[in-house]
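Asks: Structure supplied as entry.cif; contents: mmCIF, C-alpha atoms and all ligand atoms.
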```
data_upload
loop_
_atom_site.label_atom_id
_atom_site.label_comp_id
_atom_site.auth_asym_id
_atom_site.auth_seq_id
_atom_site.Cartn_x
_atom_site.Cartn_y
_atom_site.Cartn_z
CA MET A 1 14.90 1.70 -13.52
CA HIS A 2 16.25 4.49 -11.30
CA ASN A 3 14.71 4.91 -7.82
CA VAL A 4 14.19 8.58 -7.14
CA VAL A 5 13.34 10.67 -4.09
CA PHE A 6 12.55 14.28 -4.93
CA VAL A 7 13.71 16.73 -2.24
CA LEU A 8 11.84 20.03 -2.17
CA GLY A 9 11.45 23.02 0.14
CA PRO A 10 12.12 26.76 0.09
CA PRO A 11 15.60 28.07 -0.74
CA GLY A 12 17.66 27.69 2.43
CA SER A 13 15.41 25.04 3.98
CA GLY A 14 18.40 22.70 4.23
CA LYS A 15 17.93 20.43 1.21
CA GLY A 16 21.63 20.24 0.35
CA THR A 17 22.68 19.75 3.97
CA ILE A 18 20.26 16.90 4.63
CA CYS A 19 20.91 15.25 1.26
CA ALA A 20 24.64 15.14 2.05
CA LYS A 21 23.86 13.26 5.27
CA ILE A 22 21.48 10.85 3.54
CA GLN A 23 24.08 10.16 0.87
CA GLU A 24 26.76 9.54 3.50
CA ASN A 25 24.66 7.23 5.66
CA LEU A 26 21.97 5.65 3.51
CA GLY A 27 23.78 5.15 0.21
CA TYR A 28 21.54 7.27 -1.97
CA VAL A 29 23.33 9.43 -4.53
CA HIS A 30 22.71 13.16 -4.12
CA LEU A 31 22.02 15.11 -7.30
CA SER A 32 21.32 18.80 -6.80
CA ALA A 33 19.66 20.36 -9.84
CA GLY A 34 21.09 23.74 -8.81
CA ASP A 35 24.63 22.33 -8.48
CA LEU A 36 24.34 20.63 -11.88
CA LEU A 37 23.15 23.89 -13.44
CA ARG A 38 26.00 25.84 -11.80
CA ALA A 39 28.52 23.29 -13.12
CA GLU A 40 27.03 23.53 -16.62
CA ARG A 41 27.21 27.33 -16.36
CA GLN A 42 30.98 27.04 -15.69
CA ARG A 43 31.66 24.37 -18.30
CA GLU A 44 33.90 25.56 -21.09
CA GLY A 45 32.02 25.43 -24.39
CA SER A 46 28.55 25.24 -22.82
CA GLU A 47 25.99 26.99 -24.98
CA PHE A 48 23.73 27.48 -21.96
CA GLY A 49 26.03 29.35 -19.56
CA ALA A 50 24.59 32.82 -20.03
CA LEU A 51 20.99 31.60 -20.01
CA ILE A 52 21.54 29.64 -16.80
CA GLU A 53 23.17 32.60 -15.04
CA GLN A 54 20.30 34.86 -16.05
CA HIS A 55 17.75 32.46 -14.54
CA ILE A 56 19.78 31.92 -11.37
CA ARG A 57 20.11 35.63 -10.67
CA ASN A 58 16.44 36.16 -11.40
CA GLY A 59 15.35 33.24 -9.29
CA SER A 60 13.44 31.94 -12.30
CA ILE A 61 13.47 28.37 -13.55
CA VAL A 62 15.71 27.12 -16.37
CA PRO A 63 13.87 25.27 -19.18
CA VAL A 64 13.44 21.61 -18.27
CA GLU A 65 15.16 20.28 -21.38
CA ILE A 66 18.46 21.54 -19.98
CA THR A 67 17.94 20.50 -16.34
CA CYS A 68 16.41 17.10 -17.00
CA ALA A 69 19.20 16.19 -19.45
CA LEU A 70 21.77 17.06 -16.76
CA LEU A 71 19.91 14.93 -14.21
CA GLU A 72 19.49 11.96 -16.54
CA ASN A 73 23.17 12.05 -17.56
CA ALA A 74 24.23 12.21 -13.93
CA MET A 75 22.01 9.22 -13.05
CA ASN A 76 23.28 7.19 -15.99
CA ASN A 77 26.88 7.97 -15.05
CA SER A 78 26.45 7.02 -11.39
CA GLY A 79 26.54 3.27 -11.86
CA ASP A 80 24.34 1.09 -9.69
CA ALA A 81 22.98 3.44 -7.03
CA LYS A 82 20.14 2.10 -4.88
CA GLY A 83 18.46 5.44 -5.41
CA PHE A 84 18.91 9.10 -6.19
CA LEU A 85 18.07 12.18 -4.16
CA VAL A 86 16.97 14.66 -6.77
CA ASP A 87 17.34 17.92 -4.85
CA GLY A 88 15.55 21.07 -6.01
CA PHE A 89 13.53 19.48 -8.81
CA PRO A 90 10.76 19.58 -10.10
CA ARG A 91 10.35 23.26 -9.26
CA ASN A 92 7.55 24.23 -11.62
CA GLU A 93 4.99 22.79 -14.04
CA ASP A 94 7.50 22.83 -16.92
CA ASN A 95 9.96 20.77 -14.80
CA LEU A 96 7.23 18.27 -13.90
CA GLN A 97 5.90 17.87 -17.45
CA GLY A 98 9.40 17.58 -18.89
CA TRP A 99 10.38 14.95 -16.33
CA ASN A 100 7.25 12.92 -17.04
CA LYS A 101 7.92 13.11 -20.76
CA GLN A 102 11.58 12.18 -20.53
CA MET A 103 11.74 9.85 -17.52
CA THR A 104 8.52 7.84 -17.50
CA GLY A 105 9.57 4.20 -17.66
CA LYS A 106 13.13 5.06 -16.64
CA ALA A 107 12.62 6.37 -13.10
CA LEU A 108 10.35 5.44 -10.20
CA ILE A 109 9.43 8.21 -7.75
CA GLN A 110 9.57 6.64 -4.29
CA PHE A 111 8.36 9.73 -2.43
CA VAL A 112 8.87 13.46 -2.10
CA LEU A 113 10.81 14.69 0.93
CA PHE A 114 9.43 18.13 1.78
CA LEU A 115 11.60 20.20 4.10
CA SER A 116 9.25 22.86 5.42
CA CYS A 117 10.63 25.97 7.07
CA PRO A 118 9.36 29.53 7.64
CA VAL A 119 10.56 31.79 4.84
CA PRO A 120 12.25 34.46 7.02
CA ILE A 121 14.47 31.76 8.57
CA CYS A 122 15.28 30.41 5.10
CA ILE A 123 16.25 33.86 3.83
CA GLN A 124 18.53 34.43 6.80
CA ARG A 125 20.22 31.08 6.21
CA CYS A 126 20.85 31.91 2.56
CA LEU A 127 22.28 35.32 3.44
CA ASN A 128 24.65 33.59 5.88
CA ARG A 129 25.49 30.68 3.56
CA GLY A 130 28.85 32.12 2.55
CA GLN A 131 29.24 30.19 -0.71
CA GLY A 132 29.58 33.33 -2.81
CA ARG A 133 26.51 32.47 -4.83
CA THR A 134 25.28 35.15 -7.25
CA ASP A 135 21.72 34.58 -6.01
CA ASP A 136 22.25 34.74 -2.23
CA ASN A 137 21.44 38.46 -2.02
CA GLU A 138 18.25 40.23 -0.89
CA GLU A 139 17.08 41.08 -4.38
CA SER A 140 17.49 37.58 -5.88
CA LEU A 141 16.11 35.99 -2.72
CA LYS A 142 12.91 37.99 -2.98
CA LYS A 143 12.40 36.60 -6.47
CA ARG A 144 13.37 33.06 -5.45
CA VAL A 145 10.81 33.09 -2.66
CA GLU A 146 8.18 34.36 -5.06
CA THR A 147 9.04 31.56 -7.50
CA TYR A 148 8.84 29.06 -4.65
CA ASN A 149 5.44 30.31 -3.46
CA HIS A 150 3.82 30.60 -6.88
CA GLN A 151 5.45 27.79 -8.85
CA THR A 152 7.09 25.22 -6.58
CA PHE A 153 4.57 24.98 -3.75
CA PRO A 154 1.78 24.01 -6.21
CA ILE A 155 3.99 21.12 -7.39
CA ILE A 156 4.35 19.93 -3.79
CA GLU A 157 0.54 20.13 -3.46
CA HIS A 158 0.20 18.07 -6.63
CA PHE A 159 2.39 15.32 -5.12
CA GLU A 160 0.50 15.64 -1.84
CA LYS A 161 -2.74 14.74 -3.66
CA ASN A 162 -0.98 11.62 -4.92
CA GLY A 163 0.03 10.68 -1.37
CA LEU A 164 3.73 11.01 -2.12
CA VAL A 165 4.75 13.83 0.24
CA ARG A 166 6.67 13.20 3.47
CA GLU A 167 6.98 16.51 5.31
CA VAL A 168 9.79 17.09 7.79
CA LYS A 169 9.97 20.41 9.59
CA SER A 170 13.42 21.90 9.12
CA GLU A 171 13.42 24.84 11.54
CA ARG A 172 15.38 22.63 13.93
CA SER A 173 18.88 21.27 14.37
CA VAL A 174 20.30 19.15 11.56
CA GLU A 175 20.41 16.18 13.96
CA GLU A 176 16.71 16.46 14.80
CA ILE A 177 15.72 16.82 11.17
CA TYR A 178 17.90 13.94 10.10
CA ALA A 179 16.43 11.62 12.75
CA ASP A 180 12.96 12.20 11.28
CA VAL A 181 14.30 11.79 7.75
CA VAL A 182 15.73 8.37 8.61
CA GLU A 183 12.28 7.36 9.92
CA VAL A 184 10.74 8.41 6.63
CA PHE A 185 13.25 6.36 4.66
CA ASN A 186 12.74 3.35 6.91
CA GLN A 187 8.98 3.54 6.46
CA THR A 188 8.73 4.20 2.77
CA ALA A 189 11.86 3.53 0.75
CA LYS A 190 12.45 0.12 -0.72
CA VAL A 191 15.89 -0.71 0.58
N1 LIG B 1 18.92 22.80 10.36
C1 LIG B 1 19.69 23.86 10.10
N2 LIG B 1 19.84 24.82 11.04
C2 LIG B 1 20.60 25.90 10.79
N3 LIG B 1 21.24 26.13 9.62
C3 LIG B 1 21.12 25.22 8.65
C4 LIG B 1 20.34 24.04 8.83
N4 LIG B 1 20.39 23.30 7.69
C5 LIG B 1 21.17 24.01 6.84
N5 LIG B 1 21.62 25.14 7.40
C6 LIG B 1 22.46 26.17 6.79
O1 LIG B 1 21.60 26.98 5.99
C7 LIG B 1 22.18 27.27 4.73
C8 LIG B 1 21.30 26.68 3.61
O2 LIG B 1 21.35 25.27 3.69
P1 LIG B 1 21.33 24.39 2.36
O3 LIG B 1 21.50 22.98 2.77
O4 LIG B 1 22.29 24.95 1.36
O5 LIG B 1 19.78 24.65 1.89
P2 LIG B 1 19.06 24.53 0.48
O6 LIG B 1 19.83 23.54 -0.35
O7 LIG B 1 17.67 24.10 0.78
O8 LIG B 1 19.10 25.92 -0.09
C9 LIG B 1 23.59 26.69 4.77
O9 LIG B 1 24.49 27.70 5.15
C10 LIG B 1 23.49 25.60 5.82
O10 LIG B 1 24.73 25.38 6.47
N1 LIG B 2 15.05 22.60 -11.08
C1 LIG B 2 15.78 23.72 -10.98
C2 LIG B 2 16.63 23.94 -9.87
C3 LIG B 2 17.33 25.12 -9.78
N2 LIG B 2 17.21 26.05 -10.78
C4 LIG B 2 17.91 27.35 -10.71
O1 LIG B 2 18.98 27.31 -9.79
C5 LIG B 2 18.73 28.24 -8.72
C6 LIG B 2 19.36 27.73 -7.45
O2 LIG B 2 18.76 26.51 -7.12
P1 LIG B 2 19.28 25.68 -5.86
O3 LIG B 2 18.48 24.44 -5.76
O4 LIG B 2 20.76 25.53 -5.93
O5 LIG B 2 18.92 26.67 -4.67
P2 LIG B 2 18.58 26.31 -3.14
O6 LIG B 2 17.11 26.01 -3.06
O7 LIG B 2 19.41 25.12 -2.80
O8 LIG B 2 18.96 27.52 -2.37
C7 LIG B 2 17.22 28.42 -8.71
O9 LIG B 2 16.81 29.61 -8.08
C8 LIG B 2 16.93 28.43 -10.21
O10 LIG B 2 17.26 29.65 -10.82
C9 LIG B 2 16.37 25.82 -11.86
O11 LIG B 2 16.25 26.66 -12.74
N3 LIG B 2 15.68 24.65 -11.95
MG MG B 3 20.65 23.66 -2.27
#
```
As structure tokens, please, write out the structure in this file.
Ligand SMILES: Nc1ncnc2c1ncn2[C@@H]1O[C@H](COP(=O)(O)OP(=O)(O)O)[C@@H](O)[C@H]1O
Ligand SMILES: Nc1ccn([C@@H]2O[C@H](COP(=O)(O)OP(=O)(O)O)[C@@H](O)[C@H]2O)c(=O)n1
Ligand SMILES: [Mg+2]
Replies:
Amino acid sequence: MHNVVFVLGPPGSGKGTICAKIQENLGYVHLSAGDLLRAERQREGSEFGALIEQHIRNGSIVPVEITCALLENAMNNSGDAKGFLVDGFPRNEDNLQGWNKQMTGKALIQFVLFLSCPVPICIQRCLNRGQGRTDDNEESLKKRVETYNHQTFPIIEHFEKNGLVREVKSERSVEEIYADVVEVFNQTAKV
């Protein structure tokens, strides 16, 4: 059984940054759904490259069959991790349903780490990210924020009803955020 912490929040809220620190210090393995999709997009012989790029530019969500298979493979190939930080997933109802269908009995959701941050700050961070991403431009960001508001936030609310959400405000320094994140892990993760 894989232990899983879902990490959600608007684009640019700092999910990748905080997950890297958790991985380094707490021994969880960081799996970014977006990074896995970008790697699959680049993989020679992938039949999904064009489809993935289209979704990424549009800020829309890739069908769960693709994303969940990438996540499950990555978990199975990571050996004996104490847990996985699944960053940027589930982002919509299709993601959630697909995960439940494919991973029930194989993964245990410990909690959902919700990095909350005002959208204008998030947009500015993405525009300054400097990773050359095809979706860090004003036009794609507008669509990504719309997707977040209409599709991802309702998923966070769903987990909130189940008592699984741990919110950490991320309009602060990485050090301040991380200190609160460690508290959350100490309180709720089975170590
Ligand atoms: N607490 C923070 N304060 C200021 N900038 C941050 C903070 N956390 C992350 N960043 C920067 O904001 C950008 C987006 O962060 P990232 O971790 O990629 O977010 P996400 O994965 O949620 O999109 C990056 O350039 C990162 O260096
Ligand atoms: N579960 C997911 C995660 C990302 N994606 C796609 O990948 C893009 C980038 O996701 P990301 O997690 O790397 O973006 P950030 O929130 O880190 O900025 C999203 O806008 C979607 O197009 C997806 O389709 N399904
Ligand atoms: Mg990210």
Asks: Have a look at CA of Asn137 (chain A) and atom O1 of ligand LIG 2 (chain B) and let me know their distance in Å, one decimal.
Replies: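 Computed distance, CA of Asn137 (chain A) to atom O1 of ligand LIG 2 (chain B), equals 13.8 Å.
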Asks: In the coordinates of the file, take the point (15.0, 19.3, 3.5) and a cut-off of 12 Å; then, counting only C-alpha atoms, name each qualifying protein, DNA or RNA residue as a CSV table (one decimal) with C-alpha atoms, keeping the file's coordinate frame.
Replies:
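The resulting file, out.csv, is reproduced below:
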```csv
chain,number,residue,atom,x,y,z
A,5,VAL,CA,13.3,10.7,-4.1
A,6,PHE,CA,12.6,14.3,-4.9
A,7,VAL,CA,13.7,16.7,-2.2
A,8,LEU,CA,11.8,20.0,-2.2
A,9,GLY,CA,11.4,23.0,0.1
A,10,PRO,CA,12.1,26.8,0.1
A,11,PRO,CA,15.6,28.1,-0.7
A,12,GLY,CA,17.7,27.7,2.4
A,13,SER,CA,15.4,25.0,4.0
A,14,GLY,CA,18.4,22.7,4.2
A,15,LYS,CA,17.9,20.4,1.2
A,16,GLY,CA,21.6,20.2,0.4
A,17,THR,CA,22.7,19.8,4.0
A,18,ILE,CA,20.3,16.9,4.6
A,19,CYS,CA,20.9,15.2,1.3
A,20,ALA,CA,24.6,15.1,2.0
A,21,LYS,CA,23.9,13.3,5.3
A,22,ILE,CA,21.5,10.8,3.5
A,85,LEU,CA,18.1,12.2,-4.2
A,86,VAL,CA,17.0,14.7,-6.8
A,87,ASP,CA,17.3,17.9,-4.8
A,88,GLY,CA,15.6,21.1,-6.0
A,112,VAL,CA,8.9,13.5,-2.1
A,113,LEU,CA,10.8,14.7,0.9
A,114,PHE,CA,9.4,18.1,1.8
A,115,LEU,CA,11.6,20.2,4.1
A,116,SER,CA,9.2,22.9,5.4
A,117,CYS,CA,10.6,26.0,7.1
A,122,CYS,CA,15.3,30.4,5.1
A,166,ARG,CA,6.7,13.2,3.5
A,167,GLU,CA,7.0,16.5,5.3
A,168,VAL,CA,9.8,17.1,7.8
A,169,LYS,CA,10.0,20.4,9.6
A,170,SER,CA,13.4,21.9,9.1
A,171,GLU,CA,13.4,24.8,11.5
A,172,ARG,CA,15.4,22.6,13.9
A,173,SER,CA,18.9,21.3,14.4
A,174,VAL,CA,20.3,19.2,11.6
A,176,GLU,CA,16.7,16.5,14.8
A,177,ILE,CA,15.7,16.8,11.2
A,178,TYR,CA,17.9,13.9,10.1
A,180,ASP,CA,13.0,12.2,11.3
A,181,VAL,CA,14.3,11.8,7.8
```
Asks: What's the separation between atom O7 of ligand LIG 2 (chain B) and CA of Lys106 (chain A), in Å to one decimal place?
Replies: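 Pair atom O7 of ligand LIG 2 (chain B) / CA of Lys106 (chain A) returns 25.2 Å.
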Asks: So how far away is atom P2 of ligand LIG 1 (chain B) from CA of Leu51 (chain A), in Å?
Replies: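 That distance, rounded to one decimal, is 21.8 Å.
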Asks: Could you tell me, counting only C-alpha atoms and all ligand atoms, which protein and nucleic acid residues lie no more than 9 Å from ligand LIG 2 (chain B), written as number ranges by chain?
Replies: A: 8-16, 32-38, 52-64, 67-68, 87-92, 95, 122, 126, 133, 135-136, 140-141, 143-145, 147-148
Asks: For ligand MG 3 (chain B), which residue among A:Leu26, A:Leu70, A:Leu31, A:Met1 is the nearest when counting all atoms listed in the file?
Replies: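 Closest candidate: A:Leu31.
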Asks: Can you pull out every residue within 12 Å of Gly83 (chain A), counting all atoms listed in the file, but drop anything in the same chain fewer than 5 positions away, and send it as a ChimeraX atom specification?
Replies: /A:1-6,22-23,26-31,75-76,78,107-111,185,189-191
Asks: Closest to Val165 (chain A) among A:Gln124, A:Thr188, A:Asn149, A:Thr104, using all atoms listed in the file?
Replies: A:Thr188
Asks: Measuring atom to atom with all atoms listed in the file, identify which of A:Asn77, A:Thr152, A:Asn25, A:Gln131 is nearest to ligand LIG 1 (chain B).
Replies: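 Closest to ligand LIG 1 (chain B) of all the choices is A:Gln131.
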Asks: Of the candidates A:Glu160, A:Glu65, A:Asp80, A:Glu183, which shows the shortest atom-to-atom distance to Met103 (chain A), using all atoms listed in the file?
Replies: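 Closest to Met103 (chain A), using all atoms listed in the file: A:Glu65.
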